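Some notes on the structure that comes next.
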Amino acid sequence: MNANNQYEYDLFVIGAGSGGVRAARMAAALGVRVAVVEQDRAGGTCVNLGCVPKKLYVHAAEYGSAFAAAVGFGFDSSRPPLDWQTLQQNKDGVVAQANRGIEGMLSKAGATLIRGKATITGRHEVTVAGTSYSAERILIATGSRPFVPELPGSDLMVTSDELFTLPQLPTRALIIGGGYIATEFTGIFHGLGVAVTQAYRGNLFLRGFDEEIRTYVADQMRKKALDLRFHCQPTRIEKNVDGSLLVSFNDGSTGTTDLVLAATGRRPNTSFLGLEEVGVELDERGAIKVGEGFQTSVPSIYALGDVINRLQLTPVALAEAMNLVDRLYRGKKTPLSYELIPTAVFSSPNIGTVGLSEEQASEQYPDIDIYTAEFRSLKQALAGTTERYLMKLIVDANSDRVLGAHMVGEGAGEIIQGIAIALKAGATKAIFDQTIGIHPTSAEEFVTMRSKTRSINR
């Protein structure tokens, strides 16, 4: 590749999170002169304050129910106490190892890592700690941050960022919100032995997911004695003399807890970057506006990941980074498809989903068929738990193509990842039916559903 020697770097990346690191590595491997600036630890939210530590907490929480279920398999089911400090220390060790690994990969690829806070001071210039760097192109990959609603006492709430450094596990916790983070931490805290309440202003959490799946998960959680309160939100938080928190709700009720988590969405990290000064346009929520090729209103400046607020998922940021590198340095202009992106919610129970929900499919297609299977697995039968599985396929009745696949139950994310490949390849229901299942597994239900649960016709 021919470098433009008018600038110190060909590509200057702001943010060493998932998207920024992937773009930097792939571009540097092609001979592009790349610099990456990061004011915190390498890896961004996902590695340090999101996906990775959260999944470790999910695994820890699963032991809570596993100890109770062990009696059905002939084991002593007494539950040992949790050593919160040990969990924290071991989690920190895994994260630190990931930080070092990311820095090593950047170095090996030939990218320069710069420490400090970046400000864009020109269309081709970034300033870090008083030193200015010139670049042919600038990529903004600064991610997002938790949003805390304004109400009296909001300063007494914590966000998901602080959960990973809590000095001790609370006895009681109130979680405000109805998205991924809120619902996942409701399950995490419950599994770790915390008395937890989840309050959400809407009629049902996980807005945007299939309605039947959302309802099923809420029912399953309530069977575990989880306190779910919908049409409910705090109006005031006050600190008691003993350090506990008194929370007042919009329905006139009050409650006392030890911790209030604000899991009420995230906002793009676009403040203090100097974007307005150089003419980069933002939307009303502070997200950077970009075109098909992730180019901002300033031709030399690009953006991707959470900061553009399309889909706030780590694999999406990675895909956007690869697509951008292909466009800029490989001459490939194929648009990135945001269809059929699989996702999982590591709630209790887990959710895995890919494709259209029943509600979306019924709006887009005149005739759809719904197939469902609801059952208790062998493991659950022996353990004697209340938890059950739900699997669901949504099929276009006219083409037989599977439009969506949804699952509630243990390992949902692992199973749906494989199903996503089939849907991406355009698999029909006939193909699912022709596929031999692996017995005895829960996953085989996806290829043994023969009878329609219902049809929807417009």
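By order of appearance in the structure tokens: chains A, B, ..., then residues from 1 within every chain, and ligands from 1 in the order shown.
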
Any idea what's packed within 12 Å of segment 94-99 of chain A, counting only C-alpha atoms, ignoring anything in its chain fewer than 2 positions away? Could you give it as number ranges by chain? A: 16-18, 21, 38, 40-56, 87-92, 101-106, 164

For segment 437-444 of chain A, please output as a VMD selection string all residues within 12 Å (counting only C-alpha atoms; exclusion window: fewer than 3 positions along the same chain). chain A and resid 352 373 to 380 388 to 392 405 to 419 432 to 434 447 to 449

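Candidate residues A:Phe205, A:Tyr133, A:Tyr180, A:Tyr7 were compared for distance to Arg266 of chain A, and the nearest is A:Tyr180, using only C-alpha atoms.
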
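With distances restricted to only C-alpha atoms, A:Gly143 is the closest residue to Pro268 of chain A from A:Leu356, A:Gly143, A:Val241, A:Thr86.
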
For segment 249-263 of chain A: contacts at 7 Å, only C-alpha atoms, fewer than 3 positions along chain excluded, given as a PDB file with N, CA and C atoms, in the first residue's frame:
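Printed below is around32.pdb as written:
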ATOM      1  N   VAL A 148     -28.047   7.828  33.307  1.00  0.00           N
ATOM      2  CA  VAL A 148     -28.710   7.856  34.607  1.00  0.00           C
ATOM      3  C   VAL A 148     -29.840   8.877  34.554  1.00  0.00           C
ATOM      4  N   MET A 157     -27.667   6.358  42.973  1.00  0.00           N
ATOM      5  CA  MET A 157     -27.716   5.161  42.137  1.00  0.00           C
ATOM      6  C   MET A 157     -26.326   4.828  41.597  1.00  0.00           C
ATOM      7  N   VAL A 158     -26.124   3.570  41.252  1.00  0.00           N
ATOM      8  CA  VAL A 158     -24.900   3.150  40.571  1.00  0.00           C
ATOM      9  C   VAL A 158     -25.265   2.696  39.168  1.00  0.00           C
ATOM     10  N   THR A 159     -24.279   2.627  38.300  1.00  0.00           N
ATOM     11  CA  THR A 159     -24.485   2.105  36.948  1.00  0.00           C
ATOM     12  C   THR A 159     -23.768   0.766  36.820  1.00  0.00           C
ATOM     13  N   SER A 160     -23.923   0.153  35.675  1.00  0.00           N
ATOM     14  CA  SER A 160     -23.265  -1.138  35.450  1.00  0.00           C
ATOM     15  C   SER A 160     -21.747  -1.010  35.552  1.00  0.00           C
ATOM     16  N   PRO A 170     -24.339  -6.601  47.894  1.00  0.00           N
ATOM     17  CA  PRO A 170     -25.443  -6.131  48.718  1.00  0.00           C
ATOM     18  C   PRO A 170     -26.373  -7.268  49.127  1.00  0.00           C
ATOM     19  N   THR A 171     -27.098  -7.066  50.211  1.00  0.00           N
ATOM     20  CA  THR A 171     -28.104  -8.041  50.634  1.00  0.00           C
ATOM     21  C   THR A 171     -29.375  -7.880  49.820  1.00  0.00           C
ATOM     22  N   ARG A 172     -29.701  -6.611  49.506  1.00  0.00           N
ATOM     23  CA  ARG A 172     -30.883  -6.292  48.710  1.00  0.00           C
ATOM     24  C   ARG A 172     -30.477  -5.377  47.556  1.00  0.00           C
ATOM     25  N   ALA A 173     -31.131  -5.539  46.411  1.00  0.00           N
ATOM     26  CA  ALA A 173     -30.818  -4.685  45.262  1.00  0.00           C
ATOM     27  C   ALA A 173     -32.092  -4.362  44.491  1.00  0.00           C
ATOM     28  N   LEU A 174     -32.180  -3.126  44.031  1.00  0.00           N
ATOM     29  CA  LEU A 174     -33.261  -2.688  43.157  1.00  0.00           C
ATOM     30  C   LEU A 174     -32.652  -2.337  41.812  1.00  0.00           C
ATOM     31  N   ILE A 175     -33.158  -2.939  40.759  1.00  0.00           N
ATOM     32  CA  ILE A 175     -32.642  -2.693  39.415  1.00  0.00           C
ATOM     33  C   ILE A 175     -33.706  -1.949  38.617  1.00  0.00           C
ATOM     34  N   ILE A 176     -33.325  -0.786  38.109  1.00  0.00           N
ATOM     35  CA  ILE A 176     -34.242   0.049  37.349  1.00  0.00           C
ATOM     36  C   ILE A 176     -33.938  -0.109  35.868  1.00  0.00           C
ATOM     37  N   GLY A 177     -34.922  -0.553  35.096  1.00  0.00           N
ATOM     38  CA  GLY A 177     -34.733  -0.703  33.657  1.00  0.00           C
ATOM     39  C   GLY A 177     -35.304  -2.007  33.154  1.00  0.00           C
ATOM     40  N   ILE A 181     -29.179  -5.194  30.069  1.00  0.00           N
ATOM     41  CA  ILE A 181     -28.355  -5.079  31.271  1.00  0.00           C
ATOM     42  C   ILE A 181     -29.186  -5.271  32.519  1.00  0.00           C
ATOM     43  N   ALA A 182     -30.345  -4.608  32.580  1.00  0.00           N
ATOM     44  CA  ALA A 182     -31.201  -4.719  33.758  1.00  0.00           C
ATOM     45  C   ALA A 182     -31.640  -6.157  33.981  1.00  0.00           C
ATOM     46  N   CYS A 232     -43.726   0.625  36.643  1.00  0.00           N
ATOM     47  CA  CYS A 232     -43.199   1.076  37.932  1.00  0.00           C
ATOM     48  C   CYS A 232     -41.844   1.740  37.735  1.00  0.00           C
ATOM     49  N   GLN A 233     -41.680   2.922  38.299  1.00  0.00           N
ATOM     50  CA  GLN A 233     -40.388   3.588  38.234  1.00  0.00           C
ATOM     51  C   GLN A 233     -40.194   4.462  39.471  1.00  0.00           C
ATOM     52  N   PRO A 234     -38.939   4.662  39.881  1.00  0.00           N
ATOM     53  CA  PRO A 234     -38.689   5.460  41.085  1.00  0.00           C
ATOM     54  C   PRO A 234     -38.919   6.941  40.836  1.00  0.00           C
ATOM     55  N   THR A 235     -39.355   7.641  41.858  1.00  0.00           N
ATOM     56  CA  THR A 235     -39.526   9.088  41.783  1.00  0.00           C
ATOM     57  C   THR A 235     -38.588   9.816  42.735  1.00  0.00           C
ATOM     58  N   SER A 244     -28.838   2.381  54.277  1.00  0.00           N
ATOM     59  CA  SER A 244     -29.736   1.795  53.281  1.00  0.00           C
ATOM     60  C   SER A 244     -30.449   2.907  52.511  1.00  0.00           C
ATOM     61  N   LEU A 245     -31.142   2.550  51.458  1.00  0.00           N
ATOM     62  CA  LEU A 245     -31.788   3.527  50.584  1.00  0.00           C
ATOM     63  C   LEU A 245     -33.298   3.353  50.610  1.00  0.00           C
ATOM     64  N   LEU A 246     -34.004   4.448  50.793  1.00  0.00           N
ATOM     65  CA  LEU A 246     -35.465   4.455  50.752  1.00  0.00           C
ATOM     66  C   LEU A 246     -35.887   4.954  49.372  1.00  0.00           C
TER      67      LEU A 246
END

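Atom pair atom CA of Ala141 of chain A / atom CA of Gly208 of chain A: separated by 25.5 Å.
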
Please run DSSP on the backbone and report, as a ChimeraX atom specification, all residues within segment 67-282 of chain A that come out as strand (DSSP E). /A:112-115,118-122,125-128,131-140,144-146,172-176,195-200,227-230,234-239,245-249,254-257,260-262,266-268

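Closest approach to Leu275 of chain A from the set A:Thr386, A:Gln39, A:Thr119, A:Thr435 is made by A:Thr119, with distances taken over only C-alpha atoms.
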
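Proximity of A:Val280, A:Leu169, A:Leu156, A:Ala287 to Ser300 of chain A, computed with only C-alpha atoms, is greatest for A:Val280.
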